[in-house]
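Asks: Pasting a structure here, questions to come.
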Amino acid sequence: MQDYFYALADFIDQQLQNEEVYLCELIAEQSDFIRFNKGKVRQPSSVEQRYLEIDLIKGQRHTLGQLALSGNTSSDYEQVKHLLSALRDQLRDIPDDPYLLYATEVQSTESIGLNELPEPEDALTITDTIQGHDFVGLYAAGSLFTGFANSLGQRNWHSHDSFNLDWSFYHDKDKAVKSAYAGFKWEQAAFEKRITQSLAQLEWLKQTPRTIEPGQYRVYLAPTALYEIIKLLSWGGFGLKAQRTKDSPLLRMLEEPAQHLHPNINLIENTTKGLAPAFQSEGFIKPAQVPLITSGVYKSALISPRSAKEYKVETNGANEDESPNSLDLAPGDLQQDQILKALDTGIYINNLWYLNYSDRAACRITGMTRFASFWVENGEIKAPLNVMRFDETLYNMLGKKLLALTAERAFLMETDTYEVRSTGSTRLPGALIDGFTFTL
Amino acid sequence: MKNEELIKQRFKQVMPQLDFCSLRYIEARSEALQVRQNIAQPPTSKHDMGLMITVIERGGGLGYAATSDFSVEGLRNAISRAKRWAESSRDKMITDFSKIKMPHAQGEYASVVEKSWDSLSLADKLDLLHRESAQCKINDKIVDWQASLESVQTEQLYLTNQGGEIRQSHDYLIPNVGVTANQGIETQYRSFGGLDYGWQGGLEILEQTDFVGKGHKVAEEALQLLAAPDCPVQKMDLMLAPNQMILQIHESIGHPIELDRILGDERNYAGTSFVTLDMFGHYQYGSPLLNVTFDPTISTELASYGFDDEGLPAEKTYLIRHGILKRPLGGIVSQARAGLAGVANARASSWNRPPIDRIANLNVEPGESRFEEMIRSIERGILMKTNLSWSIDDSRNKFQFGCEWGQLIENGELTQVVKNPNYRGISATFWRNLKQVGNADTLEVFGLLTCGKGEPNQAIRVGHASPTCVFSNVDVFGGV
């Protein structure tokens, strides 16, 4: 795939006219998906896709076009020629773009992972391991490719081969345990260990569930639950454009008198420890780390080239949407075996679900508990919890009501497969919080 | 030769002897234009095309393979890949797919387009957006604004190994104008288009939706919101405009009655449902005023089509009549698994995903009440417009929604504008509190562009039409 893409880039080079410049990005995958329900296979599929985006630039004018390519060089070259011609026609009718910015310093990079994945059909044996249980979920695996090239001669390549099995074991109705096993090389023993762990949690869900009244409760958010909050914040929370246009949910951390989070909150975009490419579609290379919140205080933003030009600052290689790909929240000191004791009486929440802002400017967030959440009394799990709606501000959750973060963190590989398999990942501790507000 | 003809010819050439084999080809072209803060953003265009092969083998195995390689070799490889899945999964499938009678229909569908996207030049379209953008900055408190237009055109070909042949073409138009108003730590939004509206058709949609002049209107309303008090915290009558009703219908009727959810397919991702198979035919979903249809026949609505993506012909069907739940949203596979009649709603987001049960056009039918009468009948209530925030539990019961615009109704009159209007409730009881349904004059057609569901994930266009409706005794509240 790398040779194919570089040859394609050379071909685009040859097609340029006059003073044209191009930037192009390839996003491709060869993926296998197996969808499970009730311990059986629902839909097995294979997908091979290649998308090429070309940004054709002349002076300060530019226009972008994306193509689905077949992998057959001759027909793909014809398509690319056709696209370049259409983009060239458009250039005549559009004004200069004052915020156009692309990398002019050539920095070629290459990152290629090993393919140690099993044969796609081998994954069907998952049904043997989970036999007799109500197992539902998705196995997604295969090769992911991202390439960048420009007419200045820069070439960047990032590919890896990974799998992500994301599943739930159901007891009854909405009572279930969610878990995942993801990585680069399938280890049956490691998988079976995860299965054993989630089946053990499932036993707790067989007890009579408890319904609590709306009110304020002490809660423990497991890393998978805290992930949902961090993921929502990523929707406009860390980008410069959202901050300058007052759209950021962290607005009250930015405006005087500023509100802050707990001093133990240290959040960075940690590109070197993530799985996403370290380059972006204008050819800039991302720094190893960008500190976003330091000791609870807003530190810096993710800045795309476009925002950099608009707001007259330096870019830090953020993608166009200025959302993070490799967030990393620093650990605290709460030991794993002390979580229930520290929670004492309250709610142990493994998963949250369907979060949104009920007051975006105030960063007030609503959402639901989901999957395995438990009522805990005196440090002991007493009963599974019927789902509850919460409505709480970030300044409470990770601010004045945050009691502790765990010392152990989870590395969560994103399971999103909208259009393409995600390369995002997040490293998070769990959080112990006092007076967390439930409303329904 | 057009791709469709070439693919048809090659499919015939390479089609193996199988119980069932289909080819679903999709070609989509789109163009997006935006003017932000009076500056034209670079235009973006997309040309996507690919096909998915479906194979069902004796013994009940099922397999899918997707490719954008349309060569004879490419098709052979995709069929072989799908066949391998069908063979290797045969003993592990959730149902015996070979017992499901897949359709082999023939037919066509095309969007009604009066004014094509290309009938206006790129420069003219940018001019139109510039004019809307220029109306937005009416005050320094307007801190961001944009106007945009997107056109999507799709061609679909569906072929089966027993002569099925369906051709469908769709044209969509997605106009949007949005502004952000800010003062200190307060930010308010007002838009035409909310988070996502869209219609089927051409540029004539701009006239039908009164797009021109929306820039000034939304800017004025954003400033009104910025100066308004917070929405009160109270139980009161809630009047929902059609552009919020669509979200209410979508989340608390559409998703709960999807048959694949009820059958458990979505439990690891989109969730389950409080609706169970035994409820169909008698369950009191809403008040007797509630009539809900699956209606693929409204030409401007986003999910109007002739056939679903498994070749089933689509026709208008009542799913809830006089408040009673009659029928689920389930395509041919789910119907066979559940033993229930459904509708033609097995749909795929694109060529690279298999069909699953989707909300399509799901509409609340108009009632008898006139808008003015509904307002006059409310002693203490609130009108909410344009969705801003949405959240619901995985069984589709406990919901909380927020809107851009709120306006109190006091003693039969619309009065004070309020900001941050939110409400919460429980689906299973909320619809039974439906106390007035607006007449056809209050009905509007909208849609949502990115309904998410499925593993692997699929975002799809859905349509919703609704009159203005009034619900009693709803928990309403504002911001921090």
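Labels for the structure tokens follow display order: chains A, B, ..., residues from 1 in each chain, ligands from 1.
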Residues near segment 374-376 of chain B, anyone? I mean within 10 Å using only C-alpha atoms, not counting same-chain ones fewer than 2 positions away, as a count of residues only.

Replies: 24

Asks: Enumerate, as a PyMOL selection string, the complete set of residues in segment 94-257 of chain B that a backbone-based DSSP assignment places in alpha helix (DSSP H).

Replies: chain B and resi 122-134+204-208+214-227+242-249

Asks: For the structure I just gave you, how does DSSP split segment 144-368 of chain A - specifically, which residues are strand (DSSP E or B)? Reply as a ChimeraX atom specification.

Replies: /A:144-150,155-172,175-183,210,215-221,239,267-270,279,285,289-294,297-298,302,326-329,334,346-359,364-368

Asks: Pick out the residues sitting within 10 Å of segment 27-34 of chain A, and hand them over as an NGL selection string; count only C-alpha atoms, and ignore anything fewer than 5 positions along from it in its own chain.

Replies: (:A and (1 or 41-53 or 68-69 or 119-121 or 123-124 or 137-148 or 158-165 or 420-421)) or (:B and (63-67 or 85 or 89 or 353 or 455-456))
